[in-house]
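Here is the file target21.cif (mmCIF, C-alpha atoms).
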data_input
loop_
_atom_site.label_atom_id
_atom_site.label_comp_id
_atom_site.auth_asym_id
_atom_site.auth_seq_id
_atom_site.Cartn_x
_atom_site.Cartn_y
_atom_site.Cartn_z
CA MET G 498 51.15 115.38 104.90
CA PRO G 499 50.20 118.61 106.64
CA ALA G 500 49.42 121.48 104.30
CA ALA G 501 51.98 124.24 104.21
CA GLN G 502 51.77 127.84 103.12
CA PRO G 503 53.90 129.05 100.19
CA PRO G 504 56.66 131.63 100.72
CA THR G 505 55.24 134.87 102.08
CA THR G 506 57.71 137.53 100.98
CA PRO G 507 56.30 140.06 98.48
CA ALA G 508 58.68 138.81 95.78
CA ASP G 509 57.70 135.20 96.33
CA ARG G 510 54.02 136.02 96.30
CA GLU G 511 54.46 137.78 93.01
CA ARG G 512 56.16 134.73 91.51
CA LEU G 513 53.51 132.26 92.65
CA PRO G 514 50.67 132.37 90.08
CA GLU G 515 47.12 131.51 90.83
CA ALA G 516 45.89 128.22 89.44
CA ALA G 517 45.22 128.55 85.74
CA PRO G 518 42.03 127.27 84.15
CA GLY G 519 42.33 123.55 83.66
CA ALA G 520 44.96 123.14 86.36
CA LEU G 521 44.70 119.88 88.28
CA GLU G 522 42.80 121.04 91.37
CA ALA G 523 39.74 119.46 92.92
CA PRO G 524 36.68 121.75 92.84
CA ALA G 525 35.33 123.28 96.01
CA ALA G 526 32.34 121.53 97.57
CA PRO G 527 28.99 123.02 96.48
CA ALA G 528 27.16 125.16 98.99
CA GLY G 529 24.78 123.13 101.09
CA SER G 530 26.51 119.82 100.36
CA PRO G 531 27.56 117.54 103.27
CA GLU G 532 31.18 118.49 102.67
CA ALA G 533 30.63 122.23 102.58
CA PRO G 534 30.82 124.44 105.69
CA GLY G 535 27.35 124.68 107.16
CA GLY G 536 26.29 121.38 105.56
CA PRO G 537 24.91 118.46 107.56
CA GLU G 538 28.36 117.12 108.43
CA HIS G 539 29.86 120.53 109.08
CA PRO G 540 27.42 122.68 111.03
CA GLU G 541 28.19 126.34 111.44
CA GLY G 542 30.65 127.07 114.20
CA THR G 543 32.64 123.86 113.77
CA THR G 544 35.97 123.41 112.02
CA THR G 545 36.98 120.06 110.61
CA ARG G 546 39.91 120.96 108.37
CA ALA G 547 41.95 123.87 107.12
CA LYS G 548 40.30 126.17 104.60
CA GLY G 549 40.96 125.56 100.94
CA ARG G 550 40.07 123.16 98.19
CA PRO G 551 40.23 119.41 98.89
CA ARG G 552 43.27 117.60 97.59
CA SER G 553 43.06 116.09 94.12
CA ALA G 554 44.42 112.59 93.64
CA ALA G 555 45.01 113.37 89.96
CA ALA G 556 47.06 116.44 90.86
CA ASP G 557 49.10 114.50 93.42
CA LEU G 558 49.87 111.76 90.90
CA ALA G 559 50.87 114.27 88.23
CA ILE G 560 53.12 116.12 90.68
CA LEU G 561 54.91 112.97 91.88
CA ASP G 562 55.41 111.74 88.31
CA ALA G 563 56.73 115.14 87.24
CA THR G 564 59.10 115.24 90.21
CA ARG G 565 60.76 111.96 89.27
CA GLU G 566 61.01 112.97 85.61
CA ALA G 567 62.57 116.33 86.49
CA LEU G 568 64.94 114.73 88.97
CA ALA G 569 66.17 112.23 86.39
CA GLU G 570 66.71 115.01 83.84
CA LEU G 571 68.01 117.86 86.00
CA GLY G 572 69.53 116.18 89.05
CA TRP G 573 69.04 117.25 92.63
CA GLY G 574 70.79 120.60 92.28
CA GLY G 575 68.89 121.59 89.14
CA LEU G 576 65.45 120.55 90.33
CA THR G 577 63.18 123.36 91.52
CA MET G 578 59.58 123.49 92.64
CA GLY G 579 58.90 125.67 89.59
CA HIS G 580 60.13 122.94 87.24
CA VAL G 581 57.80 120.44 88.86
CA ALA G 582 54.80 122.77 88.77
CA THR G 583 55.34 123.44 85.07
CA ARG G 584 55.65 119.75 84.17
CA ALA G 585 52.65 118.78 86.29
CA LYS G 586 50.57 121.69 84.93
CA VAL G 587 49.68 122.98 88.39
CA ALA G 588 50.22 126.32 90.07
CA LYS G 589 53.16 126.62 92.44
CA THR G 590 50.67 127.50 95.17
CA THR G 591 49.17 124.03 94.69
CA LEU G 592 52.62 122.49 95.08
CA TYR G 593 53.49 124.40 98.24
CA ARG G 594 50.15 123.61 99.87
CA ARG G 595 50.97 119.91 99.58
CA TRP G 596 54.75 119.89 100.08
CA PRO G 597 56.48 122.76 101.93
CA SER G 598 59.94 121.86 100.63
CA LYS G 599 61.76 120.13 97.80
CA ASN G 600 63.12 117.55 100.25
CA GLU G 601 59.67 116.37 101.27
CA LEU G 602 58.41 116.39 97.69
CA VAL G 603 61.26 114.24 96.36
CA VAL G 604 61.04 111.78 99.25
CA ASP G 605 57.33 111.28 98.66
CA ALA G 606 57.89 110.93 94.90
CA VAL G 607 60.39 108.14 95.52
CA ALA G 608 58.35 106.52 98.30
CA SER G 609 55.34 106.21 95.99
CA LEU G 610 57.37 103.92 93.72
CA PHE G 611 57.86 101.39 96.51
CA ASP G 612 54.15 101.23 97.23
CA GLU G 613 53.99 98.90 94.21
CA LEU G 614 55.87 96.14 96.06
CA VAL G 615 53.70 93.40 97.56
CA MET G 616 54.44 90.27 99.54
CA PRO G 617 52.64 87.35 97.86
CA ASP G 618 51.59 84.21 99.65
CA LEU G 619 52.78 81.52 97.25
CA GLY G 620 52.77 78.63 99.69
CA SER G 621 56.40 78.68 100.78
CA LEU G 622 58.86 81.17 102.24
CA ARG G 623 61.32 80.44 99.44
CA ALA G 624 58.81 81.31 96.75
CA ASP G 625 57.70 84.44 98.58
CA ILE G 626 61.28 85.73 98.95
CA GLU G 627 62.13 85.02 95.32
CA ALA G 628 58.99 86.85 94.16
CA VAL G 629 59.74 89.94 96.25
CA VAL G 630 63.38 90.03 95.14
CA ALA G 631 62.23 89.87 91.50
CA GLN G 632 59.75 92.72 92.07
CA PHE G 633 62.40 94.85 93.78
CA ALA G 634 64.94 94.18 91.03
CA ASP G 635 62.44 95.16 88.33
CA LEU G 636 61.67 98.39 90.17
CA LEU G 637 65.35 99.27 90.57
CA ALA G 638 65.99 98.56 86.88
CA ARG G 639 63.83 101.52 85.85
CA PRO G 640 65.91 104.58 84.89
CA GLU G 641 63.63 106.92 86.85
CA THR G 642 64.00 104.82 90.00
CA GLN G 643 67.78 104.67 89.69
CA ALA G 644 68.13 108.40 89.09
CA ALA G 645 65.79 109.31 91.93
CA LEU G 646 67.32 106.94 94.49
CA LEU G 647 70.93 107.81 93.71
CA ALA G 648 70.21 111.55 93.88
CA LEU G 649 68.23 111.17 97.09
CA PHE G 650 70.82 109.01 98.84
CA ALA G 651 73.67 111.31 97.79
CA GLU G 652 71.88 114.36 99.17
CA GLY G 653 70.93 112.44 102.31
CA THR G 654 74.60 111.98 103.19
CA ARG G 655 74.85 115.79 103.54
CA ASP G 656 71.50 116.44 105.19
CA ARG G 657 70.63 114.65 108.44
CA GLN G 658 67.02 115.82 108.34
CA LEU G 659 66.60 114.43 104.83
CA ARG G 660 68.16 111.14 105.90
CA ARG G 661 65.59 110.87 108.68
CA ARG G 662 62.78 111.54 106.19
CA ILE G 663 64.15 108.82 103.88
CA ARG G 664 64.12 106.33 106.74
CA GLU G 665 60.61 107.26 107.88
CA ALA G 666 58.94 107.50 104.47
CA ILE G 667 60.80 104.92 102.38
CA VAL G 668 62.82 102.44 104.44
CA ASP G 669 60.66 101.73 107.48
CA PRO G 670 57.34 101.29 105.61
CA GLN G 671 58.88 98.62 103.35
CA LYS G 672 59.73 96.44 106.34
CA ARG G 673 56.06 95.47 106.18
CA LEU G 674 57.08 93.03 103.46
CA VAL G 675 59.38 91.15 105.84
CA ARG G 676 56.73 91.15 108.56
CA GLN G 677 54.10 89.79 106.20
CA GLY G 678 56.36 87.09 104.78
CA ARG G 679 57.51 86.08 108.24
CA ALA G 680 53.94 85.89 109.55
CA ALA G 681 52.82 83.77 106.58
CA ALA G 682 55.75 81.38 107.07
CA GLN G 683 54.92 81.05 110.77
CA ALA G 684 51.26 80.36 109.95
CA ARG G 685 52.39 77.57 107.59
CA GLY G 686 54.67 76.14 110.28
CA GLU G 687 57.86 76.88 108.33
CA LEU G 688 59.18 79.21 111.05
CA ALA G 689 58.77 79.06 114.79
CA PRO G 690 56.64 81.73 116.48
CA ASP G 691 58.45 84.85 117.66
CA ALA G 692 60.04 84.44 121.07
CA ASP G 693 59.47 88.08 121.96
CA GLU G 694 58.61 91.31 120.20
CA ALA G 695 61.97 93.02 120.69
CA THR G 696 63.97 90.13 119.24
CA ALA G 697 61.54 89.80 116.33
CA GLY G 698 61.92 93.50 115.54
CA GLU G 699 65.71 93.23 115.48
CA GLU G 700 65.57 90.19 113.22
CA ILE G 701 63.16 91.90 110.84
CA ASP G 702 65.55 94.87 110.58
CA ILE G 703 68.49 92.58 109.79
CA ILE G 704 66.55 90.56 107.21
CA PHE G 705 65.33 93.72 105.49
CA ASP G 706 68.79 95.28 105.43
CA THR G 707 70.26 92.08 104.02
CA ILE G 708 67.76 91.73 101.18
CA ALA G 709 67.39 95.41 100.28
CA GLY G 710 71.09 96.15 100.67
CA THR G 711 72.21 93.20 98.55
CA VAL G 712 69.77 93.86 95.71
CA GLU G 713 70.42 97.61 95.67
CA HIS G 714 74.20 97.10 95.66
CA ARG G 715 74.03 94.59 92.81
CA VAL G 716 71.77 96.76 90.64
CA LEU G 717 72.81 100.32 91.52
CA VAL G 718 76.48 99.90 92.40
CA SER G 719 77.77 96.82 90.59
CA GLY G 720 75.38 97.20 87.67
CA GLU G 721 74.86 93.44 87.51
CA PRO G 722 71.55 91.83 86.53
CA ILE G 723 69.24 90.04 88.93
CA THR G 724 68.57 86.74 87.17
CA ALA G 725 66.33 83.88 88.27
CA ASP G 726 69.40 81.75 88.99
CA TRP G 727 71.02 84.50 91.07
CA THR G 728 67.77 84.95 93.00
CA ARG G 729 67.55 81.22 93.78
CA ARG G 730 71.14 81.12 95.02
CA PHE G 731 70.67 84.26 97.09
CA THR G 732 67.51 82.85 98.67
CA SER G 733 69.31 79.58 99.49
CA LEU G 734 71.96 81.57 101.38
CA LEU G 735 69.27 83.46 103.31
CA LEU G 736 67.54 80.22 104.28
CA GLY G 737 70.78 78.39 105.09
CA PRO G 738 70.03 78.26 108.84
CA PHE G 739 66.79 76.43 107.96
CA PRO G 740 67.81 73.31 105.96
CA SER G 741 64.21 72.20 105.49
CA LEU G 742 63.46 75.44 103.63
CA THR G 743 66.40 75.46 101.23
CA THR G 744 65.12 72.82 98.81
CA GLY G 745 62.93 73.60 95.87
#

Rewrite the structure of this file - the entire thing - as structure tokens.
Amino acid sequence: MPAAQPPTTPADRERLPEAAPGALEAPAAPAGSPEAPGGPEHPEGTTTRAKGRPRSAAADLAILDATREALAELGWGGLTMGHVATRAKVAKTTLYRRWPSKNELVVDAVASLFDELVMPDLGSLRADIEAVVAQFADLLARPETQAALLALFAEGTRDRQLRRRIREAIVDPQKRLVRQGRAAAQARGELAPDADEATAGEEIDIIFDTIAGTVEHRVLVSGEPITADWTRRFTSLLLGPFPSLTTG
């Protein structure tokens, strides 16, 4: 995500402390190293990135974890960038360089949870769907996931820009799971090849909305468990148009 400058009013600058010793920041590249200005990969007179220290994966992880914890405890309205910086043990300047607003920070904190989901290749479309549904249900069962999603979706109903960010950073990337499962089933001969790209895209959207919407409603709205038996019955309904795939 593009780096952003922290607030620039005198009052804001006064409130934004410099990074304290031990804060989670990556060190600057040593003079003369390939990464440093003037080094072999960065000859004098060339610019390859904005000035400043390189991003630290440890700091990013700590910030995203702290964001979800603070959101679960304080709610959307109570959450501030200062709370997150304190929990993550980083300076607020570090936070603002990575995320220019609370909206973007919270969306990325939630999106990182869904990176855990994977589409296995278990030898059949039925098995693949059941495995993904089980993964998704386990993720939604976590208190931090529930608190973060519910707060984010509620705020998104009032903020069109935030809703767009949710779609771009959380919803659309997870459609990869449907694409991967569909491609594996086609390679095994369980599904026919796509007739055309546009139709395939529409079908992928519908399949994703059906699976994600059903599981989210059951866990987050109805508060009902996702059991192995429920997952099998749900998968049978999904595969109903394909009788040869509903057994097992």

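Against the coordinates shown, the PyMOL selection byres ((chain G and resi 621) around 9) returns G:Asp618, G:Leu619, G:Gly620, G:Leu622, G:Arg623, G:Ala624, G:Asp625, G:Ile626, G:Ala681, G:Ala682, G:Arg685, G:Glu687, G:Leu742.
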
Could you give me, as CSV, a per-residue list for segment 633-688 of chain G showing, wherever an atom lies at most 7 Å from an atom of segment 559-580 of chain G, the closest pair of atoms and their distance in Å to one decimal, using only C-alpha atoms and sorting by chain then residue number from low to high?
residue,atom,partner,partner_atom,distance
G:Glu641,CA,G:Ala569,CA,5.9
G:Ala644,CA,G:Ala569,CA,5.1
G:Ala645,CA,G:Leu568,CA,6.2
G:Ala648,CA,G:Trp573,CA,6.0

Exercise for the section: Enumerate, as a PyMOL selection string, the residues matched when the PyMOL selection byres ((chain G and resi 646) around 12) is run on the file above. Expected result: chain G and resi 565+568-569+572-573+603-608+610-611+636-645+647-653+663+667-668+713+716-718

Prev. selection, C-alpha atoms, output as a short mmCIF file (atom, residue, chain, number, x, y, z; two decimals), keeping the file's coordinate frame:
data_model
loop_
_atom_site.label_atom_id
_atom_site.label_comp_id
_atom_site.auth_asym_id
_atom_site.auth_seq_id
_atom_site.Cartn_x
_atom_site.Cartn_y
_atom_site.Cartn_z
CA ARG G 565 60.76 111.96 89.27
CA LEU G 568 64.94 114.73 88.97
CA ALA G 569 66.17 112.23 86.39
CA GLY G 572 69.53 116.18 89.05
CA TRP G 573 69.04 117.25 92.63
CA VAL G 603 61.26 114.24 96.36
CA VAL G 604 61.04 111.78 99.25
CA ASP G 605 57.33 111.28 98.66
CA ALA G 606 57.89 110.93 94.90
CA VAL G 607 60.39 108.14 95.52
CA ALA G 608 58.35 106.52 98.30
CA LEU G 610 57.37 103.92 93.72
CA PHE G 611 57.86 101.39 96.51
CA LEU G 636 61.67 98.39 90.17
CA LEU G 637 65.35 99.27 90.57
CA ALA G 638 65.99 98.56 86.88
CA ARG G 639 63.83 101.52 85.85
CA PRO G 640 65.91 104.58 84.89
CA GLU G 641 63.63 106.92 86.85
CA THR G 642 64.00 104.82 90.00
CA GLN G 643 67.78 104.67 89.69
CA ALA G 644 68.13 108.40 89.09
CA ALA G 645 65.79 109.31 91.93
CA LEU G 647 70.93 107.81 93.71
CA ALA G 648 70.21 111.55 93.88
CA LEU G 649 68.23 111.17 97.09
CA PHE G 650 70.82 109.01 98.84
CA ALA G 651 73.67 111.31 97.79
CA GLU G 652 71.88 114.36 99.17
CA GLY G 653 70.93 112.44 102.31
CA ILE G 663 64.15 108.82 103.88
CA ILE G 667 60.80 104.92 102.38
CA VAL G 668 62.82 102.44 104.44
CA GLU G 713 70.42 97.61 95.67
CA VAL G 716 71.77 96.76 90.64
CA LEU G 717 72.81 100.32 91.52
CA VAL G 718 76.48 99.90 92.40
#

I need the residue set behind the PyMOL selection byres ((chain G and resi 673) around 12) for this file; please write it as an mmCIF file with C-alpha atoms, keeping the file's coordinate frame.
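Output contents, as saved in selection39.cif:
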data_model
loop_
_atom_site.group_PDB
_atom_site.id
_atom_site.type_symbol
_atom_site.label_atom_id
_atom_site.label_comp_id
_atom_site.auth_asym_id
_atom_site.auth_seq_id
_atom_site.Cartn_x
_atom_site.Cartn_y
_atom_site.Cartn_z
ATOM 1 C CA PHE G 611 57.860 101.390 96.510
ATOM 2 C CA ASP G 612 54.150 101.230 97.230
ATOM 3 C CA LEU G 614 55.870 96.140 96.060
ATOM 4 C CA VAL G 615 53.700 93.400 97.560
ATOM 5 C CA MET G 616 54.440 90.270 99.540
ATOM 6 C CA VAL G 629 59.740 89.940 96.250
ATOM 7 C CA ILE G 667 60.800 104.920 102.380
ATOM 8 C CA VAL G 668 62.820 102.440 104.440
ATOM 9 C CA ASP G 669 60.660 101.730 107.480
ATOM 10 C CA PRO G 670 57.340 101.290 105.610
ATOM 11 C CA GLN G 671 58.880 98.620 103.350
ATOM 12 C CA LYS G 672 59.730 96.440 106.340
ATOM 13 C CA LEU G 674 57.080 93.030 103.460
ATOM 14 C CA VAL G 675 59.380 91.150 105.840
ATOM 15 C CA ARG G 676 56.730 91.150 108.560
ATOM 16 C CA GLN G 677 54.100 89.790 106.200
ATOM 17 C CA GLY G 678 56.360 87.090 104.780
ATOM 18 C CA ARG G 679 57.510 86.080 108.240
ATOM 19 C CA ALA G 680 53.940 85.890 109.550
ATOM 20 C CA GLY G 698 61.920 93.500 115.540
ATOM 21 C CA ILE G 701 63.160 91.900 110.840
ATOM 22 C CA ASP G 702 65.550 94.870 110.580
ATOM 23 C CA ILE G 704 66.550 90.560 107.210
ATOM 24 C CA PHE G 705 65.330 93.720 105.490
#

Problem - Local residues around (57.7, 85.2, 117.3), at most 7 Å away, using all atoms listed in the file, as an MDAnalysis selection string - result: chainID G and resid 689:694 697

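Here atom CA of Ala666 of chain G stands at a distance of 16.9 Å from atom CA of Leu558 of chain G.
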
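Among G:Thr728, G:Ser553, G:Gln683, G:Asn600, the residue with the shortest atom-to-atom distance to Asp656 of chain G, counting only C-alpha atoms, is G:Asn600.
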
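Put simply, atom CA of Ala631 of chain G is 26.4 Å away from atom CA of Arg660 of chain G.
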
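Taking all atoms listed in the file into account, Ala725 of chain G lies nearest to G:Ala634 out of the set G:Glu700, G:Ala634, G:Arg655, G:Gly686.
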
How big is the axis-aligned box around all listed atoms of segment 564-572 of chain G once 8 Å goes on each side, and where's its centre, in Å to one decimal, as JSON?
{"center_x": 64.3, "center_y": 114.9, "center_z": 87.0, "size_x": 26.4, "size_y": 21.9, "size_z": 22.4}

Fill in the blank from the handout: Correct to one decimal, the distance atom CA of Glu601 of chain G-atom CA of Thr711 of chain G is 26.5 Å
